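**Q** Handing over structure33.cif, mmCIF, C-alpha atoms.
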data_upload
loop_
_atom_site.group_PDB
_atom_site.id
_atom_site.type_symbol
_atom_site.label_atom_id
_atom_site.label_comp_id
_atom_site.auth_asym_id
_atom_site.auth_seq_id
_atom_site.Cartn_x
_atom_site.Cartn_y
_atom_site.Cartn_z
ATOM 1 C CA MET A 1 -21.226 43.648 56.174
ATOM 2 C CA ARG A 2 -21.415 47.308 57.084
ATOM 3 C CA ASP A 3 -22.761 48.931 53.899
ATOM 4 C CA ASP A 4 -26.128 50.593 54.606
ATOM 5 C CA ARG A 5 -27.644 49.969 51.181
ATOM 6 C CA LYS A 6 -26.563 46.335 51.016
ATOM 7 C CA LEU A 7 -27.878 45.751 54.520
ATOM 8 C CA PHE A 8 -31.206 47.272 53.497
ATOM 9 C CA GLU A 9 -31.335 45.020 50.430
ATOM 10 C CA MET A 10 -30.594 41.928 52.513
ATOM 11 C CA LEU A 11 -33.241 42.816 55.089
ATOM 12 C CA CYS A 12 -35.814 43.254 52.316
ATOM 13 C CA LEU A 13 -34.856 39.954 50.691
ATOM 14 C CA GLU A 14 -35.028 38.112 54.009
ATOM 15 C CA GLY A 15 -38.551 39.454 54.415
ATOM 16 C CA ALA A 16 -39.439 38.327 50.891
ATOM 17 C CA GLN A 17 -38.192 34.860 51.781
ATOM 18 C CA ALA A 18 -40.734 34.450 54.604
ATOM 19 C CA GLY A 19 -42.598 31.217 53.950
ATOM 20 C CA LEU A 20 -40.450 30.358 50.934
ATOM 21 C CA SER A 21 -37.056 28.810 50.312
ATOM 22 C CA TRP A 22 -34.012 31.048 50.255
ATOM 23 C CA LEU A 23 -33.094 29.531 46.878
ATOM 24 C CA THR A 24 -36.332 30.916 45.422
ATOM 25 C CA ILE A 25 -35.336 34.430 46.454
ATOM 26 C CA LEU A 26 -31.705 34.040 45.353
ATOM 27 C CA ARG A 27 -32.896 33.029 41.885
ATOM 28 C CA LYS A 28 -35.002 36.191 41.755
ATOM 29 C CA ARG A 29 -32.394 38.509 43.263
ATOM 30 C CA GLU A 30 -31.393 40.267 40.039
ATOM 31 C CA THR A 31 -35.029 40.798 39.122
ATOM 32 C CA TYR A 32 -35.660 42.237 42.582
ATOM 33 C CA ARG A 33 -32.771 44.639 42.067
ATOM 34 C CA ALA A 34 -34.174 45.781 38.731
ATOM 35 C CA ALA A 35 -37.762 45.986 39.994
ATOM 36 C CA PHE A 36 -36.819 47.972 43.109
ATOM 37 C CA ASP A 37 -34.312 50.358 41.515
ATOM 38 C CA ASP A 38 -31.300 48.538 42.958
ATOM 39 C CA PHE A 39 -32.817 49.025 46.421
ATOM 40 C CA ASP A 40 -32.475 52.805 46.196
ATOM 41 C CA ALA A 41 -34.615 53.615 49.233
ATOM 42 C CA GLU A 42 -35.155 57.237 48.196
ATOM 43 C CA LYS A 43 -36.777 56.089 44.960
ATOM 44 C CA MET A 44 -38.641 53.238 46.626
ATOM 45 C CA ALA A 45 -40.194 55.494 49.280
ATOM 46 C CA ARG A 46 -41.729 57.598 46.485
ATOM 47 C CA TYR A 47 -43.328 54.720 44.560
ATOM 48 C CA SER A 48 -46.803 55.550 43.341
ATOM 49 C CA ALA A 49 -49.862 53.301 43.362
ATOM 50 C CA ARG A 50 -49.181 52.682 39.668
ATOM 51 C CA LYS A 51 -45.625 51.480 40.388
ATOM 52 C CA ARG A 52 -46.950 49.188 43.133
ATOM 53 C CA ALA A 53 -49.449 47.715 40.683
ATOM 54 C CA GLN A 54 -46.656 47.140 38.130
ATOM 55 C CA LEU A 55 -44.576 45.349 40.754
ATOM 56 C CA LEU A 56 -47.460 43.007 41.529
ATOM 57 C CA LEU A 57 -47.519 41.990 37.859
ATOM 58 C CA ASP A 58 -43.787 41.223 37.701
ATOM 59 C CA PRO A 59 -43.318 37.431 37.533
ATOM 60 C CA GLY A 60 -39.647 37.851 38.455
ATOM 61 C CA ILE A 61 -40.457 38.720 42.071
ATOM 62 C CA VAL A 62 -42.740 37.240 44.701
ATOM 63 C CA ARG A 63 -46.032 38.935 43.858
ATOM 64 C CA ASN A 64 -47.358 39.250 47.363
ATOM 65 C CA ARG A 65 -48.991 42.607 48.008
ATOM 66 C CA LEU A 66 -48.040 42.603 51.692
ATOM 67 C CA LYS A 67 -44.373 41.953 50.882
ATOM 68 C CA VAL A 68 -44.270 44.580 48.118
ATOM 69 C CA ASP A 69 -45.902 47.121 50.443
ATOM 70 C CA ALA A 70 -43.421 46.156 53.173
ATOM 71 C CA PHE A 71 -40.452 46.856 50.885
ATOM 72 C CA ILE A 72 -41.813 50.316 50.145
ATOM 73 C CA GLY A 73 -42.725 51.113 53.747
ATOM 74 C CA ASN A 74 -39.405 49.742 54.946
ATOM 75 C CA ALA A 75 -37.626 52.107 52.562
ATOM 76 C CA ASP A 76 -39.171 55.070 54.351
ATOM 77 C CA ALA A 77 -38.273 53.685 57.784
ATOM 78 C CA TYR A 78 -34.740 52.884 56.580
ATOM 79 C CA LEU A 79 -34.213 56.465 55.391
ATOM 80 C CA LYS A 80 -35.071 57.800 58.847
ATOM 81 C CA ILE A 81 -32.644 55.425 60.578
ATOM 82 C CA ARG A 82 -29.913 56.082 58.023
ATOM 83 C CA GLU A 83 -29.894 59.759 59.002
ATOM 84 C CA GLN A 84 -28.934 58.932 62.587
ATOM 85 C CA PRO A 85 -25.290 58.908 63.701
ATOM 86 C CA GLY A 86 -23.796 55.565 62.644
ATOM 87 C CA GLY A 87 -26.361 55.131 59.890
ATOM 88 C CA PHE A 88 -28.316 51.956 59.284
ATOM 89 C CA SER A 89 -25.261 49.780 59.799
ATOM 90 C CA GLY A 90 -24.540 51.285 63.194
ATOM 91 C CA TYR A 91 -28.162 50.879 64.154
ATOM 92 C CA LEU A 92 -28.212 47.166 63.242
ATOM 93 C CA TRP A 93 -24.845 46.341 64.786
ATOM 94 C CA GLN A 94 -25.850 47.969 68.088
ATOM 95 C CA PHE A 95 -27.880 44.864 68.899
ATOM 96 C CA THR A 96 -24.609 42.942 69.351
ATOM 97 C CA ASP A 97 -22.530 45.882 70.616
ATOM 98 C CA GLY A 98 -20.734 45.911 67.256
ATOM 99 C CA ARG A 99 -19.443 42.345 67.720
ATOM 100 C CA VAL A 100 -19.887 39.262 65.591
ATOM 101 C CA LEU A 101 -21.695 36.642 67.648
ATOM 102 C CA ARG A 102 -20.074 33.236 67.139
ATOM 103 C CA ARG A 103 -21.716 29.944 68.025
ATOM 104 C CA ARG A 104 -20.467 26.497 67.122
ATOM 105 C CA PRO A 105 -23.318 24.020 67.584
ATOM 106 C CA LEU A 106 -22.400 20.387 67.190
ATOM 107 C CA TYR A 107 -25.652 19.337 65.519
ATOM 108 C CA LEU A 108 -27.812 21.035 62.917
ATOM 109 C CA ARG A 109 -30.799 20.766 65.277
ATOM 110 C CA ASP A 110 -28.918 23.063 67.671
ATOM 111 C CA VAL A 111 -28.690 25.954 65.191
ATOM 112 C CA LEU A 112 -30.898 28.719 66.552
ATOM 113 C CA GLN A 113 -33.941 30.129 64.804
ATOM 114 C CA SER A 114 -33.922 33.288 66.891
ATOM 115 C CA SER A 115 -32.110 34.792 69.850
ATOM 116 C CA PRO A 116 -32.543 37.560 72.404
ATOM 117 C CA HIS A 117 -30.539 39.758 69.975
ATOM 118 C CA SER A 118 -32.882 39.050 67.046
ATOM 119 C CA ASP A 119 -35.876 39.483 69.367
ATOM 120 C CA ALA A 120 -34.625 42.954 70.302
ATOM 121 C CA MET A 121 -33.820 43.851 66.691
ATOM 122 C CA SER A 122 -37.235 42.691 65.505
ATOM 123 C CA LYS A 123 -39.083 44.573 68.209
ATOM 124 C CA ASP A 124 -37.208 47.811 67.541
ATOM 125 C CA LEU A 125 -37.478 47.566 63.754
ATOM 126 C CA LYS A 126 -41.237 47.089 64.073
ATOM 127 C CA LYS A 127 -41.427 50.065 66.414
ATOM 128 C CA LYS A 128 -39.629 52.113 63.760
ATOM 129 C CA GLY A 129 -42.155 51.102 61.077
ATOM 130 C CA PHE A 130 -40.618 48.026 59.441
ATOM 131 C CA ASN A 131 -42.668 45.015 58.356
ATOM 132 C CA PHE A 132 -41.690 41.398 57.666
ATOM 133 C CA VAL A 133 -39.012 41.636 60.332
ATOM 134 C CA GLY A 134 -40.017 38.981 62.839
ATOM 135 C CA SER A 135 -37.373 37.552 65.129
ATOM 136 C CA THR A 136 -36.725 34.502 62.911
ATOM 137 C CA ILE A 137 -36.320 36.734 59.846
ATOM 138 C CA CYS A 138 -33.983 39.009 61.811
ATOM 139 C CA TYR A 139 -31.903 36.052 62.973
ATOM 140 C CA ALA A 140 -31.567 34.720 59.418
ATOM 141 C CA PHE A 141 -30.643 38.243 58.319
ATOM 142 C CA MET A 142 -28.019 38.505 61.066
ATOM 143 C CA GLN A 143 -26.522 35.222 59.863
ATOM 144 C CA ALA A 144 -26.610 36.289 56.198
ATOM 145 C CA VAL A 145 -24.770 39.571 56.778
ATOM 146 C CA GLY A 146 -22.214 38.275 59.256
ATOM 147 C CA ILE A 147 -23.576 39.693 62.502
ATOM 148 C CA VAL A 148 -24.031 36.086 63.617
ATOM 149 C CA ASP A 149 -21.493 33.401 62.663
ATOM 150 C CA GLU A 150 -23.114 30.097 63.535
ATOM 151 C CA HIS A 151 -21.423 27.272 61.661
ATOM 152 C CA GLN A 152 -21.466 23.765 63.044
ATOM 153 C CA ARG A 153 -18.242 22.762 64.777
ATOM 154 C CA ARG A 154 -17.160 20.391 62.025
ATOM 155 C CA CYS A 155 -17.966 22.807 59.198
ATOM 156 C CA TRP A 156 -15.020 24.021 57.115
ATOM 157 C CA ALA A 157 -16.207 27.625 57.574
ATOM 158 C CA ALA A 158 -16.079 27.250 61.358
ATOM 159 C CA ALA A 159 -12.461 26.100 61.124
ATOM 160 C CA ARG A 160 -11.691 29.165 58.976
ATOM 161 C CA THR A 161 -12.753 31.544 61.790
ATOM 162 C CA ALA A 162 -11.466 29.495 64.737
ATOM 163 C CA ALA A 163 -8.551 31.823 65.403
#
How does this structure look as structure tokens?
**A**
Amino acid sequence: MRDDRKLFEMLCLEGAQAGLSWLTILRKRETYRAAFDDFDAEKMARYSARKRAQLLLDPGIVRNRLKVDAFIGNADAYLKIREQPGGFSGYLWQFTDGRVLRRRPLYLRDVLQSSPHSDAMSKDLKKKGFNFVGSTICYAFMQAVGIVDEHQRRCWAAARTAA
């Protein structure tokens, strides 16, 4: 995935998932899109205290003040990165030199939870003002958007990309 806005949405949703199941967030995805103006960062960065309070009353999203505040703060940080050459996509893909990282672990227990790449991404995102972007969240994000392709060897999806 190389679309700035979709990458921003996915990074936000991965942060929302922290401590919860991914299925919980997927079931709420459309409500998140409606609540956060389809992840329009320019709108999100201008949310007022009243809008924040409304979001915390929305049962369709995870009503965690820290996560809601992170979405809004992350929007501001995203806008600054997006203005750089290469945009947000170029910024994120730099952590793998623009390449998809492929791993084919034999056992589920060998699937990574983080990597030096996600460590670097997490550290830099935090430095740029992002929240809920720990290394494990970044690694899950990298998997979700295709920066990391880590299917087990016997998985049908691994066979699809073997060439």
**Q** List the spatial neighbours of A:Ala75 as a PyMOL selection string - criterion: any atom at most 12 Å away, all atoms listed in the file, same-chain residues fewer than 5 positions off excluded.
**A** chain A and resi 4-5+7-9+11-12+36-37+39-47+68-70+80-82+88+128-131
**Q** Have a look at atom CA of A:Gln17 and atom CA of A:Ile137 and let me know their distance in Å, one decimal.
**A**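 Here the two named atoms are 8.5 Å from each other.
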**Q** Grab the atom CA of A:Asp149 to atom CA of A:Lys123 distance for me, in Å with one decimal place.
**A** 21.6 Å
**Q** Considering all atoms listed in the file, state which residue in the set A:Asp110, A:Leu23, A:Pro116, A:Arg104 is at the smallest distance from A:Cys155.
**A** A:Arg104
**Q** One decimal, in Å: what's the spacing between atom CA of A:Val111 and atom CA of A:Gln152?
**A** 7.8 Å
**Q** Might you pull out every residue within 10 Å of A:Leu108, with all atoms listed in the file counted and same-chain residues fewer than 4 positions away left off, and present them as a list in words?
**A**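 Final neighbour list, sorted by chain and number: Leu112, His151, Gln152 and Arg153 of chain A.
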**Q** Select, from A:Thr96, A:Gln143, A:Asn74, A:Ser48, the residue with the minimum atom-to-atom distance to A:Gly15, counting only C-alpha atoms.
**A** A:Asn74
**Q** Once 8 Å is added on each side, what are the centre and the three edge lengths, in Å to one decimal, of the axis-aligned box enclosing the listed atoms of stretch 103-108 of chain A? Present them as JSON.
**A**
{"center_x": -24.1, "center_y": 24.6, "center_z": 65.5, "size_x": 23.3, "size_y": 26.6, "size_z": 21.1}
**Q** Which one is closest to A:Leu55: A:Ile72, A:Met1, A:Val148, A:Ala35? Count only C-alpha atoms.
**A** A:Ala35
**Q** Between A:Cys138, A:Ala158, A:Met121, A:Leu20, which residue has the minimum interatomic distance to A:Arg102, considering all atoms listed in the file?
**A** A:Ala158
**Q** May I ask which of the residues A:Trp22, A:Trp156, A:Tyr78, A:Tyr107 is the closest one to A:Phe141, counting all atoms listed in the file?
**A**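 Result for the nearest residue to A:Phe141: A:Trp22.
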**Q** Mind listing whatever residues come within 6 Å of the point (-33.2, 38.8, 47.1)? Use all atoms listed in the file, file coordinates, and give them as number ranges by chain.
**A** A: 13, 25-26, 29
**Q** A:Leu56, A:Ala140, A:Ala49, A:Val145: which is nearest A:Ser89, counting all atoms listed in the file?
**A** A:Val145
**Q** Could you write out as a list in words the residues that the PyMOL selection byres ((chain A and resi 97-99) around 12) matches in the shown file?
**A**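 On this input, the PyMOL selection byres ((chain A and resi 97-99) around 12) captures Met1, Arg2, Gly86, Ser89, Gly90, Tyr91, Leu92, Trp93, Gln94, Phe95, Thr96, Val100, Leu101, Arg102, His117, Met142, Gly146, Ile147, Val148 and Asp149 of chain A.
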